[in-house]
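Note: the block below is protein29.pdb and it holds PDB, C-alpha atoms.
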ATOM      1  CA  MET A 250      -1.211 -13.353  11.909
ATOM      2  CA  GLU A 251       0.967 -16.413  12.565
ATOM      3  CA  PRO A 252       0.173 -18.969  13.862
ATOM      4  CA  THR A 253      -3.603 -18.432  13.280
ATOM      5  CA  TYR A 254      -3.133 -17.647   9.579
ATOM      6  CA  HIS A 255      -0.026 -18.403   7.574
ATOM      7  CA  SER A 256       1.727 -15.752   5.534
ATOM      8  CA  GLY A 257       0.973 -16.009   1.822
ATOM      9  CA  GLY A 258      -2.060 -18.246   2.390
ATOM     10  CA  VAL A 259      -5.252 -17.902   0.355
ATOM     11  CA  ASN A 260      -8.572 -17.028   1.917
ATOM     12  CA  PHE A 261     -11.897 -15.482   1.001
ATOM     13  CA  CYS A 262     -13.475 -12.413   2.540
ATOM     14  CA  TRP A 263     -17.046 -12.428   3.876
ATOM     15  CA  ARG A 264     -17.998  -8.806   3.223
ATOM     16  CA  LEU A 265     -21.522  -8.946   4.630
ATOM     17  CA  ARG A 266     -20.435  -9.974   8.129
ATOM     18  CA  TYR A 267     -20.765  -6.464   9.553
ATOM     19  CA  LEU A 268     -23.726  -5.296   7.521
ATOM     20  CA  PHE A 269     -26.028  -5.346  10.552
ATOM     21  CA  SER A 270     -23.546  -5.680  13.409
ATOM     22  CA  GLU A 271     -20.354  -4.184  14.753
ATOM     23  CA  PRO A 272     -17.016  -6.012  15.050
ATOM     24  CA  LYS A 273     -16.515  -7.591  18.457
ATOM     25  CA  ARG A 274     -13.345  -7.940  20.495
ATOM     26  CA  CYS A 275     -11.110 -10.833  19.281
ATOM     27  CA  ASP A 276     -12.721 -10.906  15.808
ATOM     28  CA  VAL A 277     -10.248 -11.384  12.982
ATOM     29  CA  ILE A 278     -11.001  -8.687  10.425
ATOM     30  CA  LEU A 279      -9.773  -7.524   7.029
ATOM     31  CA  VAL A 280      -8.579  -3.938   6.841
ATOM     32  CA  ARG A 281      -8.247  -2.308   3.439
ATOM     33  CA  PHE A 282      -5.653   0.078   2.102
ATOM     34  CA  ALA A 283      -6.597   2.183  -0.957
ATOM     35  CA  GLY A 284      -8.746  -0.594  -2.419
ATOM     36  CA  SER A 285      -9.535  -4.255  -2.107
ATOM     37  CA  LYS A 286      -6.538  -5.829  -3.861
ATOM     38  CA  VAL A 287      -4.219  -5.711  -0.830
ATOM     39  CA  MET A 288      -5.591  -6.046   2.685
ATOM     40  CA  LEU A 289      -4.387  -6.601   6.221
ATOM     41  CA  LEU A 290      -5.579  -9.489   8.338
ATOM     42  CA  LYS A 291      -5.676  -8.368  11.984
ATOM     43  CA  ARG A 292      -7.410  -9.110  15.265
ATOM     44  CA  MET A 293      -9.624  -6.423  16.749
ATOM     45  CA  VAL A 294      -8.714  -5.944  20.400
ATOM     46  CA  ALA A 295     -10.378  -2.684  21.413
ATOM     47  CA  GLN A 296     -13.401  -0.543  20.513
ATOM     48  CA  GLU A 297     -13.633   3.236  20.405
ATOM     49  CA  ASP A 298     -13.019   5.047  23.689
ATOM     50  CA  GLU A 299     -11.248   2.026  25.219
ATOM     51  CA  GLN A 300      -7.692   2.317  26.489
ATOM     52  CA  VAL A 301      -5.021   0.003  25.066
ATOM     53  CA  GLU A 302      -1.756  -0.801  26.787
ATOM     54  CA  PHE A 303       0.980  -3.475  26.741
ATOM     55  CA  ARG A 304       2.941  -4.458  29.838
ATOM     56  CA  ASN A 305       5.654  -7.105  29.455
ATOM     57  CA  GLY A 306       3.856  -8.634  26.506
ATOM     58  CA  LYS A 307       0.422  -8.682  28.162
ATOM     59  CA  LEU A 308      -2.441  -6.738  26.626
ATOM     60  CA  PHE A 309      -4.472  -4.508  28.950
ATOM     61  CA  ILE A 310      -7.772  -2.921  27.939
ATOM     62  CA  ASP A 311      -9.002  -0.193  30.296
ATOM     63  CA  GLY A 312      -6.438  -1.446  32.807
ATOM     64  CA  LYS A 313      -7.720  -5.038  32.744
ATOM     65  CA  GLU A 314      -5.458  -7.851  31.537
ATOM     66  CA  MET A 315      -6.867  -9.713  28.530
ATOM     67  CA  GLU A 316      -6.840 -13.439  27.986
ATOM     68  CA  GLU A 317      -5.381 -14.078  24.534
ATOM     69  CA  PRO A 318      -5.238 -17.819  23.822
ATOM     70  CA  TYR A 319      -4.493 -17.123  20.137
ATOM     71  CA  VAL A 320      -1.089 -15.572  21.000
ATOM     72  CA  ARG A 321       1.221 -18.558  21.176
ATOM     73  CA  LEU A 322       4.580 -16.991  20.404
ATOM     74  CA  PRO A 323       6.584 -15.206  23.122
ATOM     75  CA  CYS A 324       6.052 -11.451  23.441
ATOM     76  CA  ASN A 325       7.755  -8.797  25.578
ATOM     77  CA  TRP A 326       6.083  -5.639  24.253
ATOM     78  CA  ASN A 327       5.546  -2.498  26.280
ATOM     79  CA  LEU A 328       3.232   0.235  25.035
ATOM     80  CA  THR A 329       2.101   3.251  27.003
ATOM     81  CA  PRO A 330      -1.700   3.613  27.412
ATOM     82  CA  ARG A 331      -3.598   5.215  24.526
ATOM     83  CA  ARG A 332      -7.298   5.748  23.973
ATOM     84  CA  VAL A 333      -9.038   4.582  20.786
ATOM     85  CA  GLU A 334     -10.592   7.542  18.967
ATOM     86  CA  LYS A 335     -14.215   7.854  17.877
ATOM     87  CA  ASP A 336     -15.275   5.660  14.918
ATOM     88  CA  CYS A 337     -12.063   3.657  15.192
ATOM     89  CA  VAL A 338     -11.010   0.226  16.395
ATOM     90  CA  TYR A 339      -7.637  -1.047  17.567
ATOM     91  CA  VAL A 340      -6.165  -4.018  15.707
ATOM     92  CA  ILE A 341      -3.087  -6.191  16.310
ATOM     93  CA  GLY A 342      -1.719  -9.326  14.655
ATOM     94  CA  ASP A 343      -1.336 -12.608  16.531
ATOM     95  CA  ASN A 344       2.376 -12.904  15.806
ATOM     96  CA  ARG A 345       4.003 -10.704  18.443
ATOM     97  CA  SER A 346       7.344 -12.456  18.533
ATOM     98  CA  MET A 347       9.054  -9.629  16.628
ATOM     99  CA  PRO A 348      10.090  -6.259  18.160
ATOM    100  CA  ILE A 349       7.112  -3.934  18.637
ATOM    101  CA  ASP A 350       8.501  -1.412  16.113
ATOM    102  CA  ASN A 351       8.500  -4.034  13.358
ATOM    103  CA  HIS A 352       4.866  -5.031  13.859
ATOM    104  CA  HIS A 353       2.204  -3.191  11.853
ATOM    105  CA  PHE A 354      -0.650  -2.578  14.289
ATOM    106  CA  GLY A 355      -2.726   0.220  15.740
ATOM    107  CA  GLN A 356      -5.885   2.216  15.495
ATOM    108  CA  THR A 357      -7.816   2.254  12.238
ATOM    109  CA  SER A 358     -11.027   3.807  11.025
ATOM    110  CA  LYS A 359     -14.132   1.566  11.075
ATOM    111  CA  ASN A 360     -14.811   2.391   7.436
ATOM    112  CA  ARG A 361     -11.640   0.528   6.499
ATOM    113  CA  ILE A 362     -13.051  -2.757   7.779
ATOM    114  CA  VAL A 363     -13.984  -4.840   4.751
ATOM    115  CA  GLY A 364     -15.201  -8.043   6.419
ATOM    116  CA  VAL A 365     -13.917 -11.250   7.958
ATOM    117  CA  PRO A 366     -12.017 -14.218   6.524
ATOM    118  CA  LEU A 367     -14.377 -16.999   5.477
ATOM    119  CA  TRP A 368     -12.401 -19.649   7.404
TER     120      TRP A 368
ATOM    121  CA  MET B 187     -20.981 -10.483 -52.710
ATOM    122  CA  VAL B 188     -18.849  -7.407 -53.075
ATOM    123  CA  LYS B 189     -20.409  -5.848 -49.960
ATOM    124  CA  ILE B 190     -19.670  -8.950 -47.845
ATOM    125  CA  LYS B 191     -16.073  -8.877 -49.091
ATOM    126  CA  TYR B 192     -15.738  -5.235 -48.038
ATOM    127  CA  LEU B 193     -17.262  -6.051 -44.654
ATOM    128  CA  LEU B 194     -14.876  -8.956 -44.106
ATOM    129  CA  ILE B 195     -11.885  -6.776 -44.865
ATOM    130  CA  GLY B 196     -13.204  -3.488 -43.417
ATOM    131  CA  GLY B 197     -14.444  -4.927 -40.086
ATOM    132  CA  PRO B 198     -11.053  -6.165 -38.815
ATOM    133  CA  VAL B 199      -9.368  -3.001 -40.144
ATOM    134  CA  VAL B 200     -11.765  -0.823 -38.112
ATOM    135  CA  ILE B 201     -11.263  -2.967 -34.983
ATOM    136  CA  ILE B 202      -7.464  -2.847 -35.360
ATOM    137  CA  GLY B 203      -7.738   0.912 -35.929
ATOM    138  CA  ILE B 204      -9.690   1.384 -32.690
ATOM    139  CA  PHE B 205      -7.133  -0.656 -30.714
ATOM    140  CA  ALA B 206      -4.265   1.241 -32.348
ATOM    141  CA  PHE B 207      -5.899   4.573 -31.468
ATOM    142  CA  PHE B 208      -6.189   3.665 -27.784
ATOM    143  CA  TYR B 209      -2.679   2.190 -27.797
ATOM    144  CA  PHE B 210      -0.980   5.164 -29.418
ATOM    145  CA  PHE B 211      -3.203   7.850 -27.859
ATOM    146  CA  PRO B 212      -3.809   6.626 -24.303
ATOM    147  CA  ASN B 213      -6.266   8.534 -22.164
ATOM    148  CA  GLU B 214      -5.017  10.846 -19.417
ATOM    149  CA  GLU B 215      -5.488   8.229 -16.659
ATOM    150  CA  LYS B 216      -3.178   5.835 -18.479
ATOM    151  CA  LYS B 217      -0.615   8.608 -18.851
ATOM    152  CA  VAL B 218      -0.817   9.331 -15.106
ATOM    153  CA  LYS B 219      -0.258   5.635 -14.330
ATOM    154  CA  LYS B 220       2.843   5.492 -16.536
ATOM    155  CA  PRO B 221       5.300   7.059 -14.018
ATOM    156  CA  PHE B 222       4.086   4.547 -11.409
ATOM    157  CA  HIS B 223       4.800   1.641 -13.759
ATOM    158  CA  LEU B 224       8.230   3.085 -14.570
ATOM    159  CA  LEU B 225       8.995   3.696 -10.893
ATOM    160  CA  SER B 226       8.017   0.101 -10.168
ATOM    161  CA  GLU B 227      10.301  -1.148 -12.942
ATOM    162  CA  TRP B 228      13.262   1.010 -11.922
ATOM    163  CA  VAL B 229      13.029   0.483  -8.169
ATOM    164  CA  SER B 230      12.697  -3.290  -8.520
ATOM    165  CA  LYS B 231      15.919  -5.250  -8.377
ATOM    166  CA  SER B 232      16.881  -8.803  -9.278
ATOM    167  CA  PRO B 233      19.690 -10.638  -7.405
ATOM    168  CA  ASP B 234      21.857 -10.756 -10.544
ATOM    169  CA  GLU B 235      21.536  -7.049 -11.471
ATOM    170  CA  ASN B 236      24.718  -5.754 -13.096
ATOM    171  CA  PRO B 237      26.350  -2.406 -12.100
ATOM    172  CA  PHE B 238      25.498  -0.780 -15.448
ATOM    173  CA  THR B 239      21.758  -1.503 -15.004
ATOM    174  CA  LEU B 240      21.989  -0.262 -11.409
ATOM    175  CA  LEU B 241      23.444   3.104 -12.489
ATOM    176  CA  GLN B 242      20.973   3.475 -15.342
ATOM    177  CA  LYS B 243      17.992   2.762 -13.060
ATOM    178  CA  MET B 244      19.222   5.194 -10.398
ATOM    179  CA  LYS B 245      19.571   7.918 -13.024
ATOM    180  CA  ASN B 246      16.140   7.146 -14.466
ATOM    181  CA  ILE B 247      14.325   7.282 -11.110
ATOM    182  CA  GLY B 248      15.080  10.999 -10.740
ATOM    183  CA  THR B 249      13.474  11.811 -14.092
ATOM    184  CA  LEU B 250      10.058  10.778 -12.738
ATOM    185  CA  PHE B 251      10.030  13.566 -10.166
ATOM    186  CA  ASP B 252       9.422  17.305 -10.269
ATOM    187  CA  GLU B 253      12.417  19.554  -9.532
ATOM    188  CA  ARG B 254      11.436  19.328  -5.867
ATOM    189  CA  CYS B 255       9.186  16.632  -4.452
ATOM    190  CA  GLU B 256       7.510  16.890  -1.054
ATOM    191  CA  LEU B 257       7.451  13.660   0.956
ATOM    192  CA  ARG B 258       5.201  13.346   4.005
ATOM    193  CA  ALA B 259       5.467  10.245   6.185
ATOM    194  CA  PRO B 260       3.896  10.961   9.598
ATOM    195  CA  SER B 261       5.609   8.330  11.712
ATOM    196  CA  GLN B 262       8.973   8.329   9.978
ATOM    197  CA  SER B 263      11.883  10.716   9.700
ATOM    198  CA  LEU B 264      11.756  10.749   5.879
ATOM    199  CA  SER B 265       9.477  13.779   5.578
ATOM    200  CA  GLY B 266      10.854  16.728   3.684
ATOM    201  CA  SER B 267      11.410  18.320   0.318
ATOM    202  CA  TYR B 268      13.832  16.527  -1.975
ATOM    203  CA  THR B 269      15.479  17.314  -5.304
ATOM    204  CA  ARG B 270      15.576  14.775  -8.157
ATOM    205  CA  GLU B 271      19.236  14.096  -7.458
ATOM    206  CA  GLU B 272      18.588  13.483  -3.762
ATOM    207  CA  ILE B 273      15.764  11.070  -4.612
ATOM    208  CA  SER B 274      18.008   9.158  -7.029
ATOM    209  CA  THR B 275      20.762   8.970  -4.406
ATOM    210  CA  TYR B 276      18.409   7.821  -1.613
ATOM    211  CA  ALA B 277      16.776   5.243  -3.885
ATOM    212  CA  GLY B 278      20.181   3.921  -4.907
ATOM    213  CA  SER B 279      21.327   3.768  -1.300
ATOM    214  CA  ALA B 280      18.166   1.925  -0.203
ATOM    215  CA  ARG B 281      18.462  -0.523  -3.111
ATOM    216  CA  SER B 282      22.081  -1.290  -2.231
ATOM    217  CA  HIS B 283      20.978  -2.745   1.138
ATOM    218  CA  LEU B 284      18.703  -5.241  -0.572
ATOM    219  CA  SER B 285      19.632  -8.169  -2.769
ATOM    220  CA  GLN B 286      16.166  -8.460  -4.259
ATOM    221  CA  LEU B 287      13.382  -5.905  -4.481
ATOM    222  CA  ASP B 288       9.953  -5.779  -6.044
ATOM    223  CA  LEU B 289       7.693  -2.701  -5.969
ATOM    224  CA  LYS B 290       4.089  -2.999  -7.110
ATOM    225  CA  PHE B 291       1.163  -0.579  -7.118
ATOM    226  CA  TYR B 292      -2.506  -1.512  -6.759
ATOM    227  CA  ASP B 293      -5.952   0.082  -6.580
ATOM    228  CA  PHE B 294      -5.400   3.372  -8.401
ATOM    229  CA  HIS B 295      -7.973   6.116  -7.739
ATOM    230  CA  ILE B 296      -7.196   9.077  -9.976
ATOM    231  CA  LEU B 297      -8.733  12.552  -9.722
ATOM    232  CA  PHE B 298      -7.968  15.703 -11.667
ATOM    233  CA  PRO B 299      -8.697  18.542  -9.191
ATOM    234  CA  GLU B 300      -7.155  21.143 -11.512
ATOM    235  CA  LYS B 301      -5.864  21.284 -15.049
ATOM    236  CA  GLU B 302      -2.487  19.525 -15.359
ATOM    237  CA  ILE B 303      -2.676  18.244 -11.766
ATOM    238  CA  ALA B 304      -3.564  14.663 -10.814
ATOM    239  CA  LYS B 305      -4.230  13.349  -7.329
ATOM    240  CA  VAL B 306      -3.699   9.594  -7.063
ATOM    241  CA  THR B 307      -4.575   7.394  -4.089
ATOM    242  CA  LEU B 308      -3.202   3.866  -4.292
ATOM    243  CA  THR B 309      -1.574   0.988  -2.438
ATOM    244  CA  GLY B 310       2.158   0.391  -2.771
ATOM    245  CA  ARG B 311       3.730  -2.920  -1.830
ATOM    246  CA  LEU B 312       7.461  -3.428  -1.466
ATOM    247  CA  THR B 313       8.742  -6.980  -1.089
ATOM    248  CA  GLY B 314      12.242  -8.307  -1.168
ATOM    249  CA  ARG B 315      15.180  -9.697   0.684
ATOM    250  CA  SER B 316      17.952  -7.843   2.494
ATOM    251  CA  GLY B 317      21.647  -8.550   1.980
ATOM    252  CA  THR B 318      21.562 -10.695   5.140
ATOM    253  CA  GLY B 319      18.634 -12.747   3.798
ATOM    254  CA  GLU B 320      15.940 -11.079   5.910
ATOM    255  CA  GLN B 321      12.468 -10.883   4.325
ATOM    256  CA  VAL B 322      11.113  -7.389   3.556
ATOM    257  CA  ASP B 323       7.368  -6.874   3.110
ATOM    258  CA  GLU B 324       5.978  -3.358   3.464
ATOM    259  CA  THR B 325       2.556  -2.224   2.283
ATOM    260  CA  ARG B 326       1.390   1.380   2.506
ATOM    261  CA  GLU B 327      -1.437   3.526   1.206
ATOM    262  CA  LEU B 328      -0.087   6.514  -0.685
ATOM    263  CA  GLU B 329      -1.548   9.830  -1.777
ATOM    264  CA  CYS B 330       0.427  11.309  -4.640
ATOM    265  CA  VAL B 331       0.125  14.595  -6.483
ATOM    266  CA  LEU B 332       1.508  14.613 -10.012
ATOM    267  CA  LYS B 333       1.990  17.655 -12.201
ATOM    268  CA  LYS B 334       2.016  17.666 -15.978
ATOM    269  CA  ILE B 335       5.228  19.384 -17.010
ATOM    270  CA  GLU B 336       6.275  19.438 -20.665
ATOM    271  CA  ARG B 337       3.691  16.733 -21.490
ATOM    272  CA  LYS B 338       5.044  14.402 -18.789
ATOM    273  CA  TRP B 339       3.355  13.561 -15.484
ATOM    274  CA  LEU B 340       5.883  14.007 -12.665
ATOM    275  CA  PHE B 341       5.644  13.239  -8.944
ATOM    276  CA  SER B 342       5.296  16.465  -6.981
ATOM    277  CA  GLU B 343       4.021  15.283  -3.582
ATOM    278  CA  ILE B 344       3.914  11.867  -1.942
ATOM    279  CA  GLU B 345       2.164  11.259   1.346
ATOM    280  CA  VAL B 346       2.181   7.992   3.271
ATOM    281  CA  VAL B 347      -1.310   7.525   4.708
ATOM    282  CA  GLU B 348      -1.372   6.217   8.254
ATOM    283  CA  VAL B 349      -3.815   3.286   7.982
ATOM    284  CA  LEU B 350      -2.817   1.953  11.406
ATOM    285  CA  LYS B 351      -1.878   4.523  14.029
ATOM    286  CA  LYS B 352      -0.001   3.082  17.006
TER     287      LYS B 352
END

Transcribe the structure of this file into structure tokens.
Amino acid sequence: MEPTYHSGGVNFCWRLRYLFSEPKRCDVILVRFAGSKVMLLKRMVAQEDEQVEFRNGKLFIDGKEMEEPYVRLPCNWNLTPRRVEKDCVYVIGDNRSMPIDNHHFGQTSKNRIVGVPLW
Amino acid sequence: MVKIKYLLIGGPVVIIGIFAFFYFFPNEEKKVKKPFHLLSEWVSKSPDENPFTLLQKMKNIGTLFDERCELRAPSQSLSGSYTREEISTYAGSARSHLSQLDLKFYDFHILFPEKEIAKVTLTGRLTGRSGTGEQVDETRELECVLKKIERKWLFSEIEVVEVLKK
């Protein structure tokens, strides 16, 4: 999530953030693995049934180019269009300077969302 | 007075006895976790590891697996059925590309669907440094099936869960 969050930094998770609401586009969220000891910090870019695509480093949702002021490092990704499945969201990190194959991103189930970072 | 003396001596003896019982006769969940701790120890590598330790660890890794172990990794070409020897060889080969390696397991969820079979869901995190100095940091959710064979829990199936699907 560089440069928004630094690798190895310490933060707290606000677990009640989505108790009565759904994650919105551009929210930074925590995604769990098997439990709560190790989590991923990612930015939610698309909701269920939306189409995600990358063209020359630009993110397109349902064919519309997205403004992403939080992406400050150069990116040249290309990703063919794919639709987000039911009860899922699409998450990506802010650091897109590495090759697309080396970046851990994609669609994840909503029940893996634990909360948001406290700051 | 005599009773208090017995209590003062007997109390600690009972407490030590309880701890000793749990230490020497661990419950089944602890026994299931043991191969994970050993795998973590044997896969991990320090920069100054000597060749003798390397060979010993490679040999040991195979002993944690069933005669054949099924590996399922949806987005990678690693899927297949492997023998103990193949696993030892692959682990050794992968370790040789890295100067430093640390494997840790977190968040164990253990179920016993059948007698002598354990299903474990957990998070595995591999960190280290390649020979060229590049940082390695891979975290995956794993679903493992272990079988109890000759009083030892051995890995029989390992599946990499796709938490993020591109």

- Task: Could you tell me which residues the ChimeraX specification (/A :<12) & /B returns for this structure, as a PyMOL selection string?
- Result: chain B and resi 261-262+290-296+306-312+321-329+346-352

- Query: Which distance in Å separates CA of Leu257 (chain B) and CA of Leu225 (chain B), to one decimal?
  - Reply: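 Straight-line distance from CA of Leu257 (chain B) to CA of Leu225 (chain B) works out to 15.6 Å.
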
- Task: Take the PyMOL selection byres ((chain A and resi 294) around 10), apply it to the structure above, and return the hits as a list in words.
- Result: Pro272, Lys273, Arg274, Cys275, Asp276, Val277, Lys291, Arg292, Met293, Ala295, Gln296, Glu299, Val301, Leu308, Phe309, Ile310, Met315, Glu317, Val338, Tyr339, Val340, Ile341, Gly342, Gly355 and Gln356 of chain A

- Task: Rounded to one decimal place, report the CA of Pro237 (chain B)-CA of Ile273 (chain B) distance in Å.
- Result: 18.7 Å

Draw an axis-aligned box over all listed atoms of region 276-294 of chain A, pad each side with 3 Å, and write its centre and edge lengths in Å, one decimal, as AutoDock Vina command-line options.
--center_x -8.5 --center_y -4.6 --center_z 8.3 --size_x 14.5 --size_y 19.6 --size_z 30.3

- Message: Given the point (9.3, 19.4, 4.9) in the coordinates of this file, which residues lie within 12 Å, counting all atoms listed in the file, and how would they look as JSON, numbers by chain?
- Response: {"B": [254, 255, 256, 257, 258, 259, 260, 263, 264, 265, 266, 267, 268, 343, 344, 345]}

- Message: Residues proximal to (22.5, 7.8, -12.5) were defined as those with any atom within 12 Å of that point in the file's coordinates, counting all atoms listed in the file. Which are they, as number ranges by chain?
- Response: B: 228, 237-249, 270-279

Write out, as an mmCIF file, in the coordinates of the input, the residues just selected, with C-alpha atoms.
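Result file is result-v3.cif:
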data_model
loop_
_atom_site.group_PDB
_atom_site.id
_atom_site.type_symbol
_atom_site.label_atom_id
_atom_site.label_comp_id
_atom_site.auth_asym_id
_atom_site.auth_seq_id
_atom_site.Cartn_x
_atom_site.Cartn_y
_atom_site.Cartn_z
ATOM 1 C CA TRP B 228 13.262 1.010 -11.922
ATOM 2 C CA PRO B 237 26.350 -2.406 -12.100
ATOM 3 C CA PHE B 238 25.498 -0.780 -15.448
ATOM 4 C CA THR B 239 21.758 -1.503 -15.004
ATOM 5 C CA LEU B 240 21.989 -0.262 -11.409
ATOM 6 C CA LEU B 241 23.444 3.104 -12.489
ATOM 7 C CA GLN B 242 20.973 3.475 -15.342
ATOM 8 C CA LYS B 243 17.992 2.762 -13.060
ATOM 9 C CA MET B 244 19.222 5.194 -10.398
ATOM 10 C CA LYS B 245 19.571 7.918 -13.024
ATOM 11 C CA ASN B 246 16.140 7.146 -14.466
ATOM 12 C CA ILE B 247 14.325 7.282 -11.110
ATOM 13 C CA GLY B 248 15.080 10.999 -10.740
ATOM 14 C CA THR B 249 13.474 11.811 -14.092
ATOM 15 C CA ARG B 270 15.576 14.775 -8.157
ATOM 16 C CA GLU B 271 19.236 14.096 -7.458
ATOM 17 C CA GLU B 272 18.588 13.483 -3.762
ATOM 18 C CA ILE B 273 15.764 11.070 -4.612
ATOM 19 C CA SER B 274 18.008 9.158 -7.029
ATOM 20 C CA THR B 275 20.762 8.970 -4.406
ATOM 21 C CA TYR B 276 18.409 7.821 -1.613
ATOM 22 C CA ALA B 277 16.776 5.243 -3.885
ATOM 23 C CA GLY B 278 20.181 3.921 -4.907
ATOM 24 C CA SER B 279 21.327 3.768 -1.300
#

- Minimum-distance residue to Pro323 (chain A), chosen among A:Pro252, A:Val259, A:Cys337, A:Glu297 (using only C-alpha atoms):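 Answer, going by the shortest atom-to-atom distance: A:Pro252.
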
- Message: To one decimal place in Å, what is the distance between CA of Pro348 (chain A) and CA of Leu367 (chain A)?
- Response: 29.6 Å

- Thr318 (chain B) surroundings by only C-alpha atoms, 10 Å radius, close-in-sequence under 6 positions cut, as a list of chain:residue names: B:His283, B:Leu284, B:Ser285

Those residues you just picked out, can you put them in a file as an mmCIF file, keeping the file's coordinate frame with C-alpha atoms?
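Writing done, so here's again15.cif:
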data_model
loop_
_atom_site.group_PDB
_atom_site.id
_atom_site.type_symbol
_atom_site.label_atom_id
_atom_site.label_comp_id
_atom_site.auth_asym_id
_atom_site.auth_seq_id
_atom_site.Cartn_x
_atom_site.Cartn_y
_atom_site.Cartn_z
ATOM 1 C CA HIS B 283 20.978 -2.745 1.138
ATOM 2 C CA LEU B 284 18.703 -5.241 -0.572
ATOM 3 C CA SER B 285 19.632 -8.169 -2.769
#

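Counting all atoms listed in the file and comparing B:Glu253, B:Ser232, B:Lys301, B:Leu332, the residue that lies closest to Thr313 (chain B) is B:Ser232.
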
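Residue neighbourhood of Arg266 (chain A), excluding near-sequence residues (fewer than 2 positions): Cys262, Trp263, Arg264, Leu268, Phe269, Ser270, Glu271, Pro272, Lys273, Asp276, Val277, Ile278, Leu279, Ile362, Val363, Gly364, Val365, Pro366 and Leu367 of chain A, at 12 Å, using all atoms listed in the file.
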